[in-house]
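So the structure is just underneath, and the comments pick up after that.
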Amino acid sequence: MSDDGPVENVGDRFDRLPATPDERRVAGRVARSAVVDYLDERFGIAPETFADHTFWEKGAGKIWVVYGDYPSPVEVEGLGMTCLRTRQEFWKPTTDFVQRFGSRATRNVVVLGDDAAARFMTGDEQAVAWDGDWGYLVGARETAGAPAPLGVGLYTYGTLRSMVPKGRRR
Amino acid sequence: MNPLDRYEPLVDDPAAFRAACSRPLPTTVRVNTVKAGVDRVCRALAEEGVAHERVGWAGDLLRLPDSSPGDSWAFAHGWLHGQEEVSALPARALDPAPGERVWAACAAPGSKATHAAALMDDRGVVVANDSSLGRLSALRHNAERLGVTATTVTRADARSYSLAPFEFEAFDRALVDVPCSCEGTVRKNPDVVDEWTMDHVESLAELQTDVLRRAVQATRAGGTVVYSTCTFAPEENEAVLDGVLAAEDCHVVEWTPPEGLETSPGVTEWAGDEYDPQVGRATRVYPHQNDTGGFFCARLEAGG
Ligand SMILES: C[S@@+](CC[C@H](N)C(=O)[O-])C[C@H]1O[C@@H](n2cnc3c(N)ncnc32)[C@H](O)[C@@H]1O
């Protein structure tokens with residue numbers, strides 16, 4: 001890593017997240033440690049899960065996760081998968097990330113029955129019985145002996161609002 | 001002229017070949033083992049009452065006799081990917097290991113590249129390249145939906161591919177699943193036989209040769225290159241291999257297709273031409289052999 005990297009976020013290429021906030025050079029860019037801590041604190045996804053992965057920003061606040069490492073910045077069309085939306089008050093994991101890693105979550109997972117899960121997949125909101133934290137939750141469905149994640153829902157005032165994007169609704 | 005007429009002398013049972021070509025294809029899906037194991041997915045399908053049968057030769061493929069790929073909860077979880085049975089062959093022939101670097105030269109919409117990543121346990125580097133922007137968006141959508149973290153997507157002409165974005169100089173393996181005349185997809189898309197012209201075949205063969213040459217060059221000595229098409233045309237299959245064998249440092253290796261998949265060897269003579277005998281080590285799959293689409297696949301070793 002050189003000392004004279006970019007100081008502004010550039011939208012059309014991937015920049016590796018700095019390891020810690022102290023190493024940050026780009027205003028507003030989150031650190032890898034902050035991402036991993038957030039996933040641990042919010043969902044109980046163990047930091048070791050990502051021991052072999054690196055995290056990248058492309059576009060303001062959009063975080064990607066990829067196996068292994070690449071020289072930074074890297075100009076490619078895609079790097080692993082999208083993972084998290086930052087640069088907003090409440091960070092929001094992506095549906096695809098939650099489907100991939102959400103089965104490792106130990107908290108803030110709301111398990112829905114099939115009817116509620118079907119409603120969730122339409123992108124609608126619905127009343128749910130949940131007495132945990134407000135904010136973004138993993139929406140899951142019990143199948144083959146364990147909860148299987150479907151996506152992200154925003155829980156406030158007794159209501160779960162599905163964040164499943166149009167392309168994944170049914 | 002129906003191009004399928006040309007292949008009757010190549011097949012053991014021309015009537016069965018023609019009959020299979022005019023039947024619709026069975027529905028198959030690949031289990032996305034990046035997200036869930038095959039046993040768990042079968043159990044989930046059984047719980048929701050979706051009939052499914054395992055495909056004997058491929059541990060991760062299921063036939064769905066009564067439903068479309070997208071109908072199930074298992075699909076909503078990203079556990080299934082609609083994929084024709086025989087198109088699961090090239091990633092098996094490639095046989096990538098976790099941690100390796102793989103180039104999928106013509107990768108969109110990503111069925112075989114994501115299959116390769118799954119066989120690597122989603123650990124390693126799968127560079128999924130395509131030249132078409134529209135098809136790349138389908139590739140990205142599929143890779144995300146399947147939760148693959150080991151893929152990197154690039155957009156370039158595979159014939160002049162540069163490894164400049166990366167820190168390494170060669171791939172361990174390359175999957176060259178080229179554009180072709182698609183005769184083997186006739187069961188899904190009957191129009192392919194009406195649109196067929198020899199001119200098109202010849203121009204495709206030139207492109208295929210150039211892509212395969214670049215793949216051999218970009219693969220380390222001793223590395224594996226898999227060449228595949230969904231056409232029966234020897235001009236796009238064995239003739240392309242023959243040309244690349246003469247031009248690049250590589251050879252076709254003996255490869256035994258998975259047990260339970262009936263196949264035929266590559267043809268070494270066609271339309272008055274004789275090919276390098278190595279091309280006989282390639283694998284042909286005709287629709288009547290396993291009730292699938294048609295396919296061609298060869299495994300090469302680069303260098304030495
Ligand atoms: C048979 S399809 C690939 C299917 C893909 N391997 C899969 O399994 O989903 C051939 C692809 O080659 C791409 N293509 C055509 N010419 C190319 C070139 N010169 N360089 C890279 N890709 C090319 C097409 O856009 C098309 O997506």
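Letters for chains follow the order of the structure tokens (A, B, ...), residue numbers begin at 1 for each chain, and ligand numbers begin at 1 in the order shown.
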| request: Check chain A with DSSP on the backbone and list each residue it calls helix (DSSP H, G or I), as JSON, numbers by chain. | output: {"A": [21, 22, 23, 32, 33, 34, 35, 36, 37, 38, 39, 40, 41, 42, 43, 47, 48, 49, 50, 95, 96, 97, 98, 99, 100, 101, 102, 103, 104, 114, 115, 116, 117, 118, 119, 120, 121, 166, 167, 168]}
| query | range 24-258 of chain B: which residues are strand (DSSP E) by DSSP, as a PyMOL selection string? | reply | chain B and resi 28-31+53-54+61-63+80-82+101-104+125-130+151-155+171-177+219-229+250-252
| task | Please provide the set of residues having any atom within 8 Å of Ser181 in chain B, restricted to only C-alpha atoms, with same-chain residues fewer than 3 positions apart removed, written as a list in words. | result |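 My list of contacting residues is Val192, Trp196, His200, Val201, Leu204, Cys230 and Thr231 of chain B.
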| field | Distance filter 10 Å, only C-alpha atoms, chain B against chain A, as a ChimeraX atom specification | value | /B:34-36,39-48,70-71,73-74,76-79,99,122-129,133,136-137,139-141,143-155,164-168
Expected answer as a PDB file with N, CA and C atoms, in the first residue's frame: residues within 7 Å of ligand 1, only C-alpha atoms and all ligand atoms:
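So the final result, stored in out-v9.pdb, reads:
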```pdb
ATOM      1  N   ALA B 105     -13.338 -17.770 -19.603  1.00  0.00           N
ATOM      2  CA  ALA B 105     -13.060 -16.796 -20.660  1.00  0.00           C
ATOM      3  C   ALA B 105     -14.325 -16.177 -21.235  1.00  0.00           C
ATOM      4  N   CYS B 106     -15.356 -16.993 -21.397  1.00  0.00           N
ATOM      5  CA  CYS B 106     -16.641 -16.538 -21.951  1.00  0.00           C
ATOM      6  C   CYS B 106     -17.687 -17.004 -20.944  1.00  0.00           C
ATOM      7  N   ALA B 107     -17.917 -16.206 -19.913  1.00  0.00           N
ATOM      8  CA  ALA B 107     -18.547 -16.747 -18.707  1.00  0.00           C
ATOM      9  C   ALA B 107     -20.029 -16.450 -18.552  1.00  0.00           C
ATOM     10  N   ALA B 108     -20.534 -15.433 -19.246  1.00  0.00           N
ATOM     11  CA  ALA B 108     -21.931 -15.036 -18.998  1.00  0.00           C
ATOM     12  C   ALA B 108     -22.909 -16.024 -19.619  1.00  0.00           C
ATOM     13  N   PRO B 109     -24.019 -16.312 -18.935  1.00  0.00           N
ATOM     14  CA  PRO B 109     -24.513 -15.741 -17.678  1.00  0.00           C
ATOM     15  C   PRO B 109     -24.001 -16.414 -16.399  1.00  0.00           C
ATOM     16  N   GLY B 110     -22.963 -17.230 -16.500  1.00  0.00           N
ATOM     17  CA  GLY B 110     -22.273 -17.620 -15.280  1.00  0.00           C
ATOM     18  C   GLY B 110     -22.560 -18.998 -14.721  1.00  0.00           C
ATOM     19  N   SER B 111     -23.324 -19.828 -15.421  1.00  0.00           N
ATOM     20  CA  SER B 111     -23.653 -21.149 -14.864  1.00  0.00           C
ATOM     21  C   SER B 111     -22.395 -21.961 -14.570  1.00  0.00           C
ATOM     22  N   LYS B 112     -21.480 -22.001 -15.543  1.00  0.00           N
ATOM     23  CA  LYS B 112     -20.310 -22.872 -15.378  1.00  0.00           C
ATOM     24  C   LYS B 112     -19.262 -22.236 -14.474  1.00  0.00           C
ATOM     25  N   ALA B 113     -19.131 -20.909 -14.530  1.00  0.00           N
ATOM     26  CA  ALA B 113     -18.159 -20.238 -13.653  1.00  0.00           C
ATOM     27  C   ALA B 113     -18.584 -20.373 -12.182  1.00  0.00           C
ATOM     28  N   ASN B 129     -15.151 -13.720 -17.105  1.00  0.00           N
ATOM     29  CA  ASN B 129     -15.050 -12.671 -18.118  1.00  0.00           C
ATOM     30  C   ASN B 129     -16.102 -12.873 -19.207  1.00  0.00           C
ATOM     31  N   ASP B 130     -16.545 -11.777 -19.777  1.00  0.00           N
ATOM     32  CA  ASP B 130     -17.373 -11.840 -20.980  1.00  0.00           C
ATOM     33  C   ASP B 130     -17.237 -10.500 -21.683  1.00  0.00           C
ATOM     34  N   SER B 131     -17.502 -10.502 -23.000  1.00  0.00           N
ATOM     35  CA  SER B 131     -17.363  -9.248 -23.734  1.00  0.00           C
ATOM     36  C   SER B 131     -18.681  -8.487 -23.819  1.00  0.00           C
ATOM     37  N   SER B 132     -19.769  -9.137 -23.456  1.00  0.00           N
ATOM     38  CA  SER B 132     -21.077  -8.509 -23.642  1.00  0.00           C
ATOM     39  C   SER B 132     -21.582  -7.879 -22.352  1.00  0.00           C
ATOM     40  N   ARG B 135     -24.954  -9.294 -21.107  1.00  0.00           N
ATOM     41  CA  ARG B 135     -24.854 -10.630 -20.515  1.00  0.00           C
ATOM     42  C   ARG B 135     -24.077 -10.602 -19.194  1.00  0.00           C
ATOM     43  N   ALA B 156     -14.020  -8.001 -21.203  1.00  0.00           N
ATOM     44  CA  ALA B 156     -12.965  -7.846 -22.197  1.00  0.00           C
ATOM     45  C   ALA B 156     -13.171  -8.857 -23.305  1.00  0.00           C
ATOM     46  N   ASP B 157     -12.514  -8.598 -24.425  1.00  0.00           N
ATOM     47  CA  ASP B 157     -12.475  -9.564 -25.513  1.00  0.00           C
ATOM     48  C   ASP B 157     -11.485 -10.653 -25.102  1.00  0.00           C
ATOM     49  N   ALA B 158     -11.968 -11.862 -24.966  1.00  0.00           N
ATOM     50  CA  ALA B 158     -11.116 -12.949 -24.474  1.00  0.00           C
ATOM     51  C   ALA B 158      -9.929 -13.219 -25.395  1.00  0.00           C
ATOM     52  N   ARG B 159     -10.042 -12.846 -26.675  1.00  0.00           N
ATOM     53  CA  ARG B 159      -8.961 -13.140 -27.630  1.00  0.00           C
ATOM     54  C   ARG B 159      -7.695 -12.363 -27.313  1.00  0.00           C
ATOM     55  N   ASP B 177     -15.720 -21.826 -22.665  1.00  0.00           N
ATOM     56  CA  ASP B 177     -17.062 -22.254 -23.077  1.00  0.00           C
ATOM     57  C   ASP B 177     -17.556 -21.242 -24.114  1.00  0.00           C
ATOM     58  N   VAL B 178     -17.137 -21.453 -25.341  1.00  0.00           N
ATOM     59  CA  VAL B 178     -17.225 -20.431 -26.389  1.00  0.00           C
ATOM     60  C   VAL B 178     -18.629 -20.270 -26.971  1.00  0.00           C
ATOM     61  N   PRO B 179     -18.863 -19.108 -27.609  1.00  0.00           N
ATOM     62  CA  PRO B 179     -20.093 -18.985 -28.395  1.00  0.00           C
ATOM     63  C   PRO B 179     -20.033 -19.978 -29.561  1.00  0.00           C
ATOM     64  N   CYS B 180     -21.160 -20.573 -29.897  1.00  0.00           N
ATOM     65  CA  CYS B 180     -21.162 -21.610 -30.935  1.00  0.00           C
ATOM     66  C   CYS B 180     -22.501 -21.624 -31.652  1.00  0.00           C
ATOM     67  N   LEU B 207     -13.254 -17.425 -34.254  1.00  0.00           N
ATOM     68  CA  LEU B 207     -13.319 -16.822 -32.911  1.00  0.00           C
ATOM     69  C   LEU B 207     -12.951 -17.850 -31.840  1.00  0.00           C
ATOM     70  N   VAL B 211      -9.896 -17.631 -29.080  1.00  0.00           N
ATOM     71  CA  VAL B 211     -10.130 -17.616 -27.627  1.00  0.00           C
ATOM     72  C   VAL B 211      -9.373 -18.778 -26.966  1.00  0.00           C
ATOM     73  N   THR B 229     -18.389 -26.715 -26.079  1.00  0.00           N
ATOM     74  CA  THR B 229     -19.421 -26.081 -26.906  1.00  0.00           C
ATOM     75  C   THR B 229     -20.714 -26.873 -26.719  1.00  0.00           C
TER      76      THR B 229
END
```
